[in-house]
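S.K.: Structure incoming, see below.
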Amino acid sequence: MNLLEEKVAVVTGAGSGIGRQTAKTFADNGASVVVADIDTDGGQAAVESIVDAGGEATFVETDISSPDDAQAMIETAVDEYGGLDVLYNNAAIEGPVARLDEYENDAFEQVIEVNLKGVWYGLKYGIQAMLEDGGGSIISASSIGGEVAVPQYSGYGAAKAAVSQLTKYAAIEYADDDIRANAIAPGIVRTEMIERSIEDHPEMEEQFLNTEPMPGLADPEEIANAVLFLGSDLSSRVTGVTLPVEGGYLAQ
Ligand SMILES: NC(=O)c1ccc[n+]([C@@H]2O[C@H](COP(=O)([O-])OP(=O)(O)OC[C@H]3O[C@@H](n4cnc5c(N)ncnc54)[C@H](O)[C@@H]3O)[C@@H](O)[C@H]2O)c1
């Protein structure tokens with residue numbers, strides 16, 4: 001399929017997991033992709049695998065919690081590829097696993113910096129570029145933890161709930177400008193983020209495996225395909241939603 005033929009896309013946190021797979025899926029569908037990540041090795045490896053498969057991609061080292069970096073990331077898309085059509089605000093950190101009274105203040109601030117402010121900077125500078133360029137589609141990563149409370153993830157869940165709300169604001173404010181904004185709420189996806197949690201808290205593996213009504217964990221590709229739908233014209237009348245991709249978890 002070539003759902004993003006001649007489109008320019010930016011994916012944050014594209015050096016690992018869902019972001020990396022989404023960058024690949026976008027490139028496989030014809031997009032030129034700006035791979036943005038704080039992790040240079042992961043970002044460069046993501047670009048290499050896209051280019052090796054005949055796609056077009058460039059890496060820009062980005063700490064998405066820095067407004068200057070976020071702006072430079074968007075400028076890379078405009079300077080290298082002539083504009084911005086699709087932005088996936090994917091980068092996030094999981095933060096600590098702790099009940100509220102034991103959640104460190106610094107850790108809470110860091111989760112908000114990356115998971116909420118990072119998405120806000122992406123929206124702000126991405127929308128500025130799209131206003132110049134005749135519109136586009138923005139997808140931001142929320143989570144089931146932004147829809148319902150998942151114990152011991154208060155900072156992460158609060159940031160994700162705010163991402164879904166920011167998405168509604170962006171959708172409404174720019175509906176007239178051909179800019180769509182949606183979010184995605186994955187359940188449990190087999191990535192480094194989940195592997196780290198299992199390594200630190202082995203008891204969580206069983207819990208993760210039994211979270212979704214559908215068996216097992218999601219594959220990053222299953223999330224990337226949903227992001228592709230929201231990023232492409234297949235979803236031309238969809239804006240302001242948070243799309244669950246969680247094996248039926250929220251239907252319970
Ligand atoms: N894996 C899951 O089960 C799951 C479930 C629900 C939602 N999500 C969301 O999906 C998104 C991707 O998660 P993943 O599982 O692929 O995670 P991951 O840890 O595998 O990848 C996250 C990437 O973001 C990058 N990153 C971290 N901080 C950054 C910063 N300040 N600036 C730029 N890049 C930064 C990391 O270097 C990494 O490459 C996240 O928003 C996450 O919250 C994941």
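Following the order of the structure tokens, first chain is A, next is B, and so on, with residues numbered from 1 inside each chain and ligands from 1 in the order they appear.
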Which residues of chain A come within 6 Å of ligand 1, and what is each one's closest atom pair and distance in Å (one decimal), counting only C-alpha atoms and all ligand atoms, sorted by chain and residue number, as CSV?
M.R.:
```
residue,atom,partner,partner_atom_place_in_ligand_line,distance
A:Thr12,CA,ligand 1,34 (N),5.9
A:Gly13,CA,ligand 1,24 (O),3.4
A:Ala14,CA,ligand 1,39 (O),5.6
A:Gly15,CA,ligand 1,39 (O),4.0
A:Ser16,CA,ligand 1,39 (O),4.0
A:Gly17,CA,ligand 1,16 (O),3.4
A:Ile18,CA,ligand 1,16 (O),3.8
A:Gly19,CA,ligand 1,16 (O),5.5
A:Asp37,CA,ligand 1,34 (N),3.9
A:Ile38,CA,ligand 1,33 (C),4.2
A:Asp39,CA,ligand 1,37 (O),4.7
A:Thr62,CA,ligand 1,33 (C),5.3
A:Asp63,CA,ligand 1,32 (N),3.6
A:Ile64,CA,ligand 1,32 (N),3.9
A:Ser65,CA,ligand 1,31 (N),5.2
A:Asn90,CA,ligand 1,41 (O),4.5
A:Ala91,CA,ligand 1,24 (O),3.9
A:Ala92,CA,ligand 1,41 (O),4.3
A:Ile93,CA,ligand 1,27 (C),5.4
A:Val114,CA,ligand 1,31 (N),5.1
A:Ala141,CA,ligand 1,41 (O),4.6
A:Ser142,CA,ligand 1,7 (C),5.8
A:Ser143,CA,ligand 1,6 (C),4.1
A:Pro186,CA,ligand 1,6 (C),4.2
A:Gly187,CA,ligand 1,5 (C),4.8
A:Ile188,CA,ligand 1,3 (O),3.5
A:Val189,CA,ligand 1,3 (O),3.6
A:Arg190,CA,ligand 1,1 (N),5.9
A:Thr191,CA,ligand 1,15 (O),4.7
A:Glu192,CA,ligand 1,20 (O),4.2
A:Met193,CA,ligand 1,19 (O),4.0
A:Ile194,CA,ligand 1,1 (N),5.4
```
S.K.: Run DSSP on the backbone and tell me which residues of segment 14-206 of chain A come out as helix (DSSP H, G or I); list them as a VMD selection string.
M.R.: chain A and resid 17 to 28 40 to 52 67 to 81 100 to 102 105 to 132 144 to 146 154 to 173 175 to 177 192 to 200 204 to 206
S.K.: Go through segment 105-178 of chain A residue by residue and, counting only C-alpha atoms, keep those with an atom at most 10 Å from segment 71-89 of chain A; for each kept residue give the shortest atom pair and its distance in Å to one decimal, ordered by chain and increasing number, as a Markdown table.
M.R.:
```
| residue | atom | partner | partner_atom | distance |
| --- | --- | --- | --- | --- |
| A:Asn115 | CA | A:Asn89 | CA | 9.3 |
| A:Gly118 | CA | A:Asn89 | CA | 8.0 |
| A:Val119 | CA | A:Asn89 | CA | 5.7 |
| A:Trp120 | CA | A:Asn89 | CA | 9.0 |
| A:Tyr121 | CA | A:Gln71 | CA | 7.8 |
| A:Gly122 | CA | A:Asn89 | CA | 6.4 |
| A:Leu123 | CA | A:Asn89 | CA | 7.9 |
| A:Lys124 | CA | A:Gln71 | CA | 8.9 |
| A:Tyr125 | CA | A:Gln71 | CA | 5.8 |
| A:Gly126 | CA | A:Ile74 | CA | 6.3 |
| A:Ile127 | CA | A:Leu84 | CA | 9.1 |
| A:Gln128 | CA | A:Ile74 | CA | 9.3 |
| A:Ala129 | CA | A:Leu84 | CA | 6.4 |
| A:Met130 | CA | A:Leu84 | CA | 6.0 |
| A:Leu131 | CA | A:Leu84 | CA | 9.6 |
| A:Glu132 | CA | A:Gly83 | CA | 8.3 |
| A:Asp133 | CA | A:Gly83 | CA | 6.2 |
| A:Gly134 | CA | A:Asp85 | CA | 8.6 |
| A:Gly135 | CA | A:Asp85 | CA | 6.8 |
| A:Gly136 | CA | A:Asp85 | CA | 4.4 |
| A:Ser137 | CA | A:Val86 | CA | 4.9 |
| A:Ile138 | CA | A:Leu87 | CA | 4.7 |
| A:Ile139 | CA | A:Tyr88 | CA | 4.8 |
| A:Ser140 | CA | A:Asn89 | CA | 4.5 |
| A:Ala141 | CA | A:Asn89 | CA | 6.1 |
| A:Ser142 | CA | A:Asn89 | CA | 9.4 |
| A:Val163 | CA | A:Asn89 | CA | 9.8 |
```
S.K.: Give the strand (DSSP E or B) residues of segment 35-220 of chain A, as DSSP finds them on the backbone, and put them as number ranges by chain.
M.R.: A: 35-37, 56-61, 86-89, 136-141, 179-186, 189, 218
S.K.: Which is closer to Glu212 of chain A than all the others in A:Ala224, A:Leu250, A:Ile112, A:Ala175, using only C-alpha atoms?
M.R.: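 Looking only at the distances to Glu212 of chain A, the closest residue turns out to be A:Leu250.
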S.K.: Which of these residues is nearest to Glu147 of chain A, using only C-alpha atoms: A:Ile184, A:Val33, A:Val51, A:Leu209?
M.R.: A:Ile184
S.K.: Residues within 12 Å of Met204 of chain A, please, as a PyMOL selection string. Count only C-alpha atoms; anything in the same chain fewer than 4 positions from it doesn't count.
M.R.: chain A and resi 97+151-152+188+194-200+208-211
S.K.: Write out as a list of chain:residue names each polymer residue whose atoms come within 8 Å of Tyr153 of chain A, counting only C-alpha atoms; drop sequence neighbours fewer than 4 positions from it.
M.R.: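 These residues fall inside the cut-off: A:Gly95, A:Pro96, A:Val97, A:Ala98, A:Arg99, A:Gly145, A:Ala149, A:Gly157.
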S.K.: Tell me which protein, DNA and RNA residues are within 12 Å of segment 228-233 of chain A, counting only C-alpha atoms, leaving out same-chain ones fewer than 2 positions away, and put them as a ChimeraX atom specification.
M.R.: /A:1-11,18-19,21-31,84-89,135-141,178-184,221-226,235-243
S.K.: From the list A:Gln207, A:Ser66, A:Gln252, A:Ser32, which residue is nearest Gln110 of chain A when using only C-alpha atoms?
M.R.: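 Of the candidates, the smallest distance to Gln110 of chain A is held by A:Ser66.
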